[in-house]
Structures are given as C-alpha cells and as structure tokens.
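Peer 1: Structure file query.cif (mmCIF, C-alpha atoms) is given on the next line.
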```cif
data_my_file
loop_
_atom_site.label_atom_id
_atom_site.label_comp_id
_atom_site.auth_asym_id
_atom_site.auth_seq_id
_atom_site.Cartn_x
_atom_site.Cartn_y
_atom_site.Cartn_z
CA MET A 173 -18.20 85.90 50.80
CA ASP A 174 -19.57 83.05 52.92
CA VAL A 175 -16.34 82.01 54.60
CA ASP A 176 -17.95 79.20 56.59
CA SER A 177 -18.95 77.43 53.38
CA LEU A 178 -15.45 77.54 51.91
CA VAL A 179 -13.21 74.50 51.89
CA ALA A 180 -10.08 76.64 51.60
CA ILE A 181 -8.71 80.07 50.67
CA ASP A 182 -5.97 80.04 48.05
CA VAL A 183 -3.87 83.16 48.64
CA HIS A 184 -1.75 82.90 45.49
CA THR A 185 -3.24 82.73 41.98
CA HIS A 186 -2.24 84.52 38.78
CA ALA A 187 -4.26 86.37 36.16
CA GLU A 188 -2.06 85.73 33.14
CA VAL A 189 -4.47 86.58 30.31
CA SER A 190 -6.53 89.70 29.71
CA ALA A 191 -10.05 89.54 28.36
CA LYS A 192 -8.57 91.25 25.29
CA GLY A 193 -6.36 88.21 24.75
CA SER A 194 -2.99 89.72 25.68
CA ALA A 195 -0.72 87.76 28.05
CA SER A 196 1.40 89.09 30.91
CA LEU A 197 4.41 86.93 29.96
CA ALA A 198 6.36 86.78 26.71
CA ASP A 199 5.83 83.50 24.86
CA GLU A 200 9.39 82.31 25.55
CA LEU A 201 9.03 82.76 29.32
CA HIS A 202 5.50 81.37 29.34
CA ASP A 203 6.45 78.20 27.47
CA ALA A 204 9.60 77.61 29.51
CA SER A 205 7.75 77.98 32.82
CA SER A 206 5.01 75.63 31.62
CA ALA A 207 7.69 73.02 30.94
CA TYR A 208 9.33 73.71 34.32
CA PHE A 209 6.07 73.19 36.20
CA LYS A 210 4.94 70.32 33.93
CA VAL A 211 1.67 72.12 33.28
CA GLU A 212 -0.99 69.94 31.73
CA GLY A 213 -3.81 71.37 29.63
CA ASP A 214 -4.81 75.02 29.28
CA ARG A 215 -2.72 77.46 31.29
CA LYS A 216 -4.51 80.56 30.11
CA PRO A 217 -7.84 80.76 31.93
CA THR A 218 -9.66 84.08 31.87
CA LEU A 219 -10.59 85.74 35.12
CA ASN A 220 -14.18 84.56 34.84
CA GLU A 221 -12.93 81.03 34.20
CA ILE A 222 -10.75 81.27 37.31
CA ALA A 223 -13.82 82.30 39.31
CA ALA A 224 -15.84 79.38 37.96
CA TYR A 225 -12.97 76.98 38.66
CA TYR A 226 -12.77 77.97 42.33
CA ARG A 227 -16.54 78.15 42.74
CA GLU A 228 -16.80 74.52 41.60
CA ARG A 229 -14.40 73.61 44.41
CA SER A 230 -16.04 75.76 47.10
CA MET A 231 -12.81 77.73 47.46
CA ALA A 232 -11.90 81.41 47.36
CA ALA A 233 -8.82 82.76 45.63
CA VAL A 234 -6.62 85.83 45.91
CA VAL A 235 -5.84 86.81 42.31
CA PHE A 236 -3.31 89.23 40.85
CA THR A 237 -1.23 90.07 37.82
CA VAL A 238 2.50 90.88 37.80
CA ASP A 239 3.54 94.28 36.48
CA ALA A 240 7.15 94.10 35.28
CA GLU A 241 6.78 96.18 32.15
CA SER A 242 9.92 98.25 32.65
CA ALA A 243 12.09 95.13 32.77
CA THR A 244 10.29 92.91 30.27
CA GLY A 245 8.56 95.30 27.91
CA THR A 246 5.36 93.28 28.30
CA GLU A 247 2.21 94.97 29.57
CA PRO A 248 0.54 93.22 32.51
CA VAL A 249 -3.08 92.22 32.71
CA PRO A 250 -4.66 95.51 33.86
CA ASN A 251 -5.13 95.74 37.63
CA GLU A 252 -8.51 97.32 37.02
CA GLU A 253 -9.62 94.27 35.04
CA VAL A 254 -8.63 91.99 37.91
CA ALA A 255 -10.50 94.14 40.43
CA GLU A 256 -13.60 94.35 38.24
CA ALA A 257 -13.64 90.57 37.81
CA ALA A 258 -13.41 90.16 41.58
CA ALA A 259 -16.26 92.63 42.05
CA ALA A 260 -18.33 90.56 39.63
CA ASN A 261 -17.44 87.35 41.51
CA PRO A 262 -17.22 88.47 45.15
CA ASP A 263 -18.14 85.02 46.47
CA VAL A 264 -14.83 83.53 45.27
CA LEU A 265 -12.32 86.18 44.11
CA ILE A 266 -10.28 88.57 46.28
CA PRO A 267 -8.53 91.31 44.29
CA PHE A 268 -4.83 92.08 44.66
CA ALA A 269 -2.82 94.27 42.29
CA SER A 270 0.76 94.64 41.09
CA ILE A 271 2.67 97.82 40.32
CA ASP A 272 6.15 97.99 38.87
CA PRO A 273 8.28 99.88 41.44
CA PHE A 274 9.99 101.66 38.56
CA ARG A 275 6.75 103.53 37.83
CA GLY A 276 7.78 105.91 40.61
CA ARG A 277 5.31 108.50 41.86
CA ALA A 278 2.81 107.57 39.17
CA GLY A 279 2.81 104.02 40.53
CA VAL A 280 2.25 105.25 44.08
CA LYS A 281 -0.68 107.33 42.90
CA GLN A 282 -2.07 104.35 41.03
CA ALA A 283 -1.76 102.14 44.12
CA ARG A 284 -3.83 104.50 46.22
CA ARG A 285 -6.47 104.77 43.50
CA LEU A 286 -6.70 100.98 43.20
CA VAL A 287 -7.34 100.68 46.91
CA GLU A 288 -9.77 103.57 47.22
CA GLU A 289 -11.73 103.13 43.98
CA TYR A 290 -11.42 99.41 43.25
CA GLY A 291 -11.19 97.80 46.68
CA VAL A 292 -7.83 96.12 46.10
CA LYS A 293 -6.72 94.26 49.25
CA GLY A 294 -3.01 93.83 48.58
CA PHE A 295 -0.13 94.03 46.12
CA LYS A 296 2.14 91.42 44.57
CA PHE A 297 5.86 92.07 44.09
CA HIS A 298 8.09 89.78 42.04
CA PRO A 299 11.64 91.06 42.64
CA ASN A 300 13.20 88.64 40.15
CA ILE A 301 11.06 89.64 37.19
CA GLN A 302 10.74 93.29 38.22
CA GLY A 303 14.50 93.53 38.78
CA PHE A 304 14.75 95.16 42.20
CA PHE A 305 15.72 94.34 45.77
CA PRO A 306 12.69 94.59 48.09
CA ASN A 307 14.62 96.90 50.42
CA ASP A 308 15.43 99.34 47.59
CA ARG A 309 13.99 102.76 48.41
CA ILE A 310 12.47 102.84 44.95
CA ALA A 311 9.57 100.76 46.30
CA TYR A 312 9.11 102.50 49.64
CA GLY A 313 6.40 104.86 48.42
CA LEU A 314 4.32 101.84 47.46
CA TYR A 315 4.89 100.22 50.85
CA GLU A 316 3.77 103.42 52.57
CA VAL A 317 0.45 103.33 50.75
CA ILE A 318 -0.07 99.62 51.43
CA GLU A 319 0.72 100.00 55.13
CA GLU A 320 -1.43 103.11 55.51
CA THR A 321 -4.45 101.49 53.84
CA GLY A 322 -4.14 98.20 55.76
CA GLY A 323 -3.25 96.15 52.70
CA ILE A 324 -0.96 93.17 52.27
CA ALA A 325 2.37 93.04 50.42
CA VAL A 326 3.18 89.70 48.80
CA PHE A 327 6.80 89.09 47.81
CA HIS A 328 7.98 86.28 45.59
CA THR A 329 10.90 84.60 47.36
CA GLY A 330 13.38 81.93 46.34
CA GLN A 331 14.04 80.47 42.92
CA THR A 332 11.53 81.18 40.19
CA GLY A 333 10.25 78.95 37.42
CA ILE A 334 9.98 82.03 35.21
CA GLY A 335 13.03 81.96 32.95
CA ALA A 336 14.11 78.50 34.09
CA GLY A 337 15.74 76.65 31.21
CA VAL A 338 15.97 79.73 28.99
CA PRO A 339 19.54 80.82 28.07
CA GLY A 340 20.70 83.21 30.76
CA GLY A 341 17.46 82.58 32.63
CA GLY A 342 15.75 84.98 30.26
CA GLY A 343 17.68 87.78 31.96
CA ILE A 344 16.03 87.07 35.31
CA ARG A 345 18.38 87.22 38.31
CA LEU A 346 17.75 85.09 41.40
CA LYS A 347 19.66 87.34 43.81
CA TYR A 348 16.70 89.68 44.26
CA SER A 349 14.49 87.08 45.95
CA ASN A 350 16.39 86.29 49.14
CA PRO A 351 13.78 86.83 51.89
CA LEU A 352 16.36 88.57 54.08
CA HIS A 353 15.85 91.64 51.89
CA VAL A 354 12.21 91.65 53.02
CA ASP A 355 13.38 91.71 56.64
CA ASP A 356 14.43 95.32 56.10
CA VAL A 357 10.95 96.12 54.80
CA ALA A 358 9.38 94.54 57.89
CA VAL A 359 11.62 96.72 60.09
CA ASP A 360 10.98 99.95 58.21
CA PHE A 361 7.21 99.32 57.95
CA PRO A 362 6.34 97.59 61.24
CA GLU A 363 2.56 97.69 60.65
CA LEU A 364 2.78 96.32 57.11
CA LYS A 365 1.26 92.88 56.60
CA ILE A 366 3.69 90.79 54.53
CA ILE A 367 3.52 87.39 52.85
CA LEU A 368 6.70 85.62 51.78
CA ALA A 369 5.48 83.63 48.80
CA HIS A 370 6.63 80.05 48.19
CA PRO A 371 9.03 77.71 49.91
CA SER A 372 12.09 79.95 49.61
CA PHE A 373 14.69 77.60 48.08
CA PRO A 374 17.64 78.01 48.59
CA TRP A 375 16.86 80.42 51.45
CA GLN A 376 14.25 78.46 53.39
CA ASP A 377 15.90 78.98 56.76
CA GLU A 378 16.12 82.72 56.14
CA ALA A 379 12.38 82.86 55.42
CA LEU A 380 11.56 80.93 58.58
CA ALA A 381 13.80 83.22 60.61
CA VAL A 382 12.16 86.38 59.27
CA ALA A 383 8.62 85.04 59.76
CA THR A 384 9.42 83.91 63.30
CA HIS A 385 11.08 87.21 64.23
CA LYS A 386 8.73 89.74 62.61
CA PRO A 387 5.06 89.63 63.74
CA GLY A 388 3.67 90.94 60.46
CA VAL A 389 5.42 88.41 58.22
CA HIS A 390 3.65 85.29 56.96
CA ILE A 391 4.57 82.48 54.55
CA ASP A 392 2.49 81.05 51.76
CA LEU A 393 3.12 77.54 50.47
CA SER A 394 2.47 78.13 46.78
CA GLY A 395 4.49 77.10 43.76
CA TRP A 396 5.65 73.73 45.10
CA SER A 397 3.91 70.44 45.48
CA PRO A 398 3.81 69.79 49.25
CA LYS A 399 5.63 66.49 48.76
CA TYR A 400 8.75 68.54 48.01
CA PHE A 401 8.54 70.82 51.06
CA PRO A 402 11.78 70.88 53.07
CA PRO A 403 11.39 69.23 56.49
CA GLN A 404 12.10 72.41 58.46
CA LEU A 405 9.21 74.16 56.69
CA VAL A 406 6.83 71.37 57.70
CA GLN A 407 8.19 71.46 61.26
CA TYR A 408 7.68 75.22 61.64
CA ALA A 409 4.24 75.07 59.99
CA ASN A 410 3.23 72.54 62.62
CA THR A 411 4.61 74.54 65.55
CA LEU A 412 5.97 78.09 65.82
CA LEU A 413 4.38 79.36 62.60
CA GLN A 414 1.10 77.45 62.65
CA ASP A 415 -0.83 80.75 62.75
CA LYS A 416 1.26 82.40 60.01
CA VAL A 417 1.42 79.78 57.23
CA LEU A 418 -1.06 79.99 54.35
CA PHE A 419 -2.35 77.74 51.59
CA GLY A 420 -1.45 78.97 48.12
CA SER A 421 -1.27 77.02 44.90
CA ASP A 422 0.27 79.28 42.20
CA TYR A 423 -2.62 78.46 39.85
CA PRO A 424 -2.65 78.05 36.90
CA VAL A 425 0.90 76.60 36.90
CA LEU A 426 0.02 74.40 39.87
CA THR A 427 -3.59 73.44 40.51
CA PRO A 428 -5.17 73.42 43.97
CA ASP A 429 -6.33 69.87 43.24
CA ARG A 430 -2.76 68.64 42.93
CA TRP A 431 -1.56 70.74 45.86
CA LEU A 432 -4.30 69.58 48.24
CA ALA A 433 -3.86 65.93 47.30
CA ASP A 434 -0.18 66.09 48.23
CA PHE A 435 -0.82 68.25 51.30
CA ALA A 436 -3.16 65.57 52.65
CA LYS A 437 -0.17 63.23 52.85
CA LEU A 438 1.97 65.56 54.95
CA PRO A 439 2.28 64.94 58.71
CA ILE A 440 0.40 68.11 59.61
CA LYS A 441 -1.41 68.12 62.95
CA ASP A 442 -5.19 67.84 62.77
CA GLU A 443 -5.64 71.12 64.63
CA VAL A 444 -3.17 72.93 62.36
CA ARG A 445 -4.48 71.78 59.00
CA PRO A 446 -7.63 74.00 58.97
CA LYS A 447 -5.54 76.98 60.02
CA ILE A 448 -3.29 76.61 56.99
CA LEU A 449 -6.12 75.91 54.57
CA LYS A 450 -8.46 78.71 55.62
CA ALA A 451 -8.42 80.27 59.08
CA ASN A 452 -5.07 82.06 58.87
CA ALA A 453 -5.92 83.60 55.50
CA ALA A 454 -9.41 84.63 56.60
CA ARG A 455 -7.95 86.45 59.58
CA LEU A 456 -5.12 88.09 57.61
CA LEU A 457 -7.47 89.23 54.87
CA GLY A 458 -9.90 90.69 57.37
CA LEU A 459 -12.86 88.65 56.24
CA THR A 460 -15.98 88.87 58.38
CA ASP A 461 -15.62 85.31 59.63
CA THR A 462 -12.29 83.94 60.87
CA GLY A 463 -13.07 80.60 59.25
CA ARG A 464 -12.28 78.69 62.44
#
```
Would you put the structure from the file into structure tokens?

Peer 2:
Amino acid sequence: MDVDSLVAIDVHTHAEVSAKGSASLADELHDASSAYFKVEGDRKPTLNEIAAYYRERSMAAVVFTVDAESATGTEPVPNEEVAEAAAANPDVLIPFASIDPFRGRAGVKQARRLVEEYGVKGFKFHPNIQGFFPNDRIAYGLYEVIEETGGIAVFHTGQTGIGAGVPGGGGIRLKYSNPLHVDDVAVDFPELKIILAHPSFPWQDEALAVATHKPGVHIDLSGWSPKYFPPQLVQYANTLLQDKVLFGSDYPVLTPDRWLADFAKLPIKDEVRPKILKANAARLLGLTDTGR
C-alpha cells in the first residue's frame, strides 16, 4: 500500500454482501437502516466493488463483516472472504474480521487462525446486535488473542441505526453500547489497541473521557455526517485527542464523499485535519509510512 499517495484512510466500512449473494442482515433490519440513514442507490456492493470504489478516490479502507449469528440467526459474510478480497486488493483494502463472542473457544481458535493464516489486522464487535456487554468475560478470550497478536478491537458505541424504526427495535438493545463498558476492557487489556466507533450518542462525554484517560483507546468518526457532530467532540478532536481521532465513514450506509464534504466545513485546525484523515490511522494500523 502506497500510503503517501492516499488521500485518506477510512477505518470503518462494512462488507454486507457475500459473493454468493447472501446478506449479513435480515431484510427487515437492512431496509429499516437504509431508511434511517437515507441511503441513496445501491447499498449492496461486493467486496471487489468496494475496492474499486475506494481506488477511484485514492483512499484505503478497513473492511469487515459483523458476526451476530447467535442473536440474529443470520450468517455473516465469511471473514475468510473479506480477507481474501483484501489480499487481492492490497493497495486499498485492509482486512478486519468479526467473531460472535458466543462462539466460545471455537471463536477464539478461529480468531487466531484468521490472524495467522489470513493476515487479519483487527476485529469488529457490535455489542448491540451481538447482545453482550463488552466487559462480559465471554469475550475475554477473543481480546487475549487480539492483544497478543497486536491487532485492533473496534467496538460499536452509542445508538445504532440497525433496528431503528422497527417495532421493539428489532430486538436490539441500546444498553450494551455505552463506551464505559469498554473502559473495563482497556483496564484489563492495557496493551490492546481499541477504537470506539462513531460519535457515541447519548454517551459522547463518556467516550471522550475513556479515550482521554486510556492511552490505547481511539475514536472513529463514522456513522454520522460531520455536520451533526456534538461540539465537545469537535473540540477534543482539535486538541487533546488530535492524535487519537480517525476518519471513518460507515460505508455503504454513509459514503466517504458525503462525509468528507461535510468534514471540510468543520472548524478543524489545518495541522489536525491530515492527522484525522490519514496519519493517525496509518500509525495505528502499523503501515510502513506514517502518512504525515
């Protein structure tokens, strides 16, 4: 990957469709979240289409599926498929994986295999959809593997558009995504690199507190148009957390084009803007060039 040639590194994109045609979300949840995010056009790009999309924009993208099969009954896009697509498009795709914590020891074994055999760089957790608190010991075996192998753990935080508008929220509970639960993980795994995904409404201050207090905790800005960012998030991104805040879009529900257009209008310092768009991610991901 030629980091110097990249405009930005998007640390949060979703593989929602397998090459076999199966989707990682049930139709009801998929359609409701598309309405929530006001998605225009096709929301089901293949992995190769995602690669082409980012290549056209001279960007790189971290890509992952979400494995919540025990809670939803829906099989995820295979982690191996994501990793193989990234291996076929190494100039633009960075492979992450997702393992349902309820897979137990089999999931821990799978995590190690994905790192050692497929080069996976991190793992995505979605506590709301997966139905667990991040500080539940059920997930600690996975965290051990991620910490030991130098990977990154990404946690969805705050409200989710998945289930929004569906009766009962589609069974998805918001309580699991308070970032304070991740604070325990940061204490128990002090060398683990962590990303709190999204502006963490209604717990934005909690997320800022955890990221400020724990050296290994970062924040990505995905899932929201920057014009809706709370003022304290913008303030901390400009100051105390300028080296720990990361560009993420949440593609395909939110495009990087839309995100970057709105981000350009934020009062972000000139010296901070390139850190958020590329340098912080390049450093965290361990790419050969820091992107500065």

Peer 1: Using the chain letters and numbers from the file, give me the residues hit by the PyMOL selection byres ((chain A and resi 420-424) around 8), as number ranges by chain.

Peer 2: A: 181-186, 215-217, 392-396, 418-419, 425-428, 431

Peer 1: Convert the output of the PyMOL selection byres ((chain A and resi 317) around 10) on the shown file into explicit residues, formatted as number ranges by chain.

Peer 2: A: 280-281, 283-284, 287, 312-316, 318-323, 364

Peer 1: Need to verify the contact set: Ala191 of chain A, 9 Å, all atoms listed in the file, exclusion of same-chain residues closer than 3 positions in sequence. Can you return it as a PyMOL selection string?

Peer 2: chain A and resi 194+218-219+249+253

Peer 1: Give the answer as one residue: which of A:Asp272, A:Glu363, A:Asp308, A:Asp429 has the shortest atom-to-atom distance to Pro398 of chain A, using only C-alpha atoms?

Peer 2: A:Asp429

Peer 1: With 6 Å of padding per side, what axis-aligned box (centre and edge lengths, Å, one decimal) covers all the listed atoms of segment 441-457 of chain A? Give it as JSON.

Peer 2:
```
{"center_x": -5.4, "center_y": 78.5, "center_z": 59.6, "size_x": 20.0, "size_y": 33.4, "size_z": 22.1}
```

Peer 1: Between A:Ser349, A:Asn261, A:Asn452, A:Gln282, which is the closest to His298 of chain A once you count only C-alpha atoms?

Peer 2: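 Nearest to His298 of chain A: A:Ser349.
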
Peer 1: For the file shown, report as number ranges by chain the outcome of the PyMOL selection byres ((chain A and resi 239-241) around 7) at residue level.

Peer 2: A: 237-238, 242-248, 270-272, 301-302

Peer 1: Counting only C-alpha atoms, figure out which residue out of A:Leu412, A:Ile344, A:Ala311, A:Leu456 gets nearest to Ile367 of chain A.

Peer 2: A:Leu456

Peer 1: Provide the atom CA of Asp355 of chain A to atom CA of Gln376 of chain A distance in Å, to one decimal place.

Peer 2: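 Distance reported for this atom pair: 13.7 Å.
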
Peer 1: Which residue gives the smallest distance to Lys447 of chain A among A:Asp174, A:Val179, A:Arg285, A:Ala257, with all atoms listed in the file counted?

Peer 2: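 Answer, going by the shortest atom-to-atom distance: A:Val179.
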
Peer 1: When you draw a straight line from atom CA of Gln404 of chain A to atom CA of Ala180 of chain A, how long is it in Å?

Peer 2: 23.6 Å

Peer 1: Find the residues near Lys416 of chain A: any atom within 6 Å, counting all atoms listed in the file, skip ones fewer than 2 places away on the same chain, and give them as a PyMOL selection string.

Peer 2: chain A and resi 390+413-414

Peer 1: Rounded to one decimal, what separation in Å do you get between atom CA of Ala223 of chain A and atom CA of Gly294 of chain A?

Peer 2: 18.3 Å

Peer 1: Would you list the contacts of Arg445 of chain A as a ChimeraX atom specification, taking every protein, DNA or RNA residue within 10 Å and counting all atoms listed in the file, but skipping same-chain residues closer than 3 positions in sequence?

Peer 2: /A:409-410,414,419,435-436,438-442,448-451

Peer 1: For each of A:Ile334, A:Leu178, A:Leu380, A:Ala454, take the minimum atom-to-atom distance to Arg229 of chain A, counting only C-alpha atoms, then give the residue where this is smallest.

Peer 2: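 Of A:Ile334, A:Leu178, A:Leu380, A:Ala454, the one nearest Arg229 of chain A, counting only C-alpha atoms, is A:Leu178.
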
Peer 1: Please provide the set of residues having any atom within 8 Å of Val254 of chain A, restricted to all atoms listed in the file, with same-chain residues fewer than 6 positions apart removed, written as a PyMOL selection string.

Peer 2: chain A and resi 187+219+235-237+267-269

Peer 1: Pull the neighbourhood of (6.2, 83.5, 51.0) for me: all residues within 9 Å in file coordinates, counting all atoms listed in the file, as a list in words.

Peer 2: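 In the file's frame, the residues around the point are Val326, Phe327, His328, Thr329, Gly330, Pro351, Ile366, Ile367, Leu368, Ala369, His370, Pro371, Ser372, Ala379, Val389, His390, Ile391, Asp392, Leu393, Ser394, Val417 and Leu418 of chain A.
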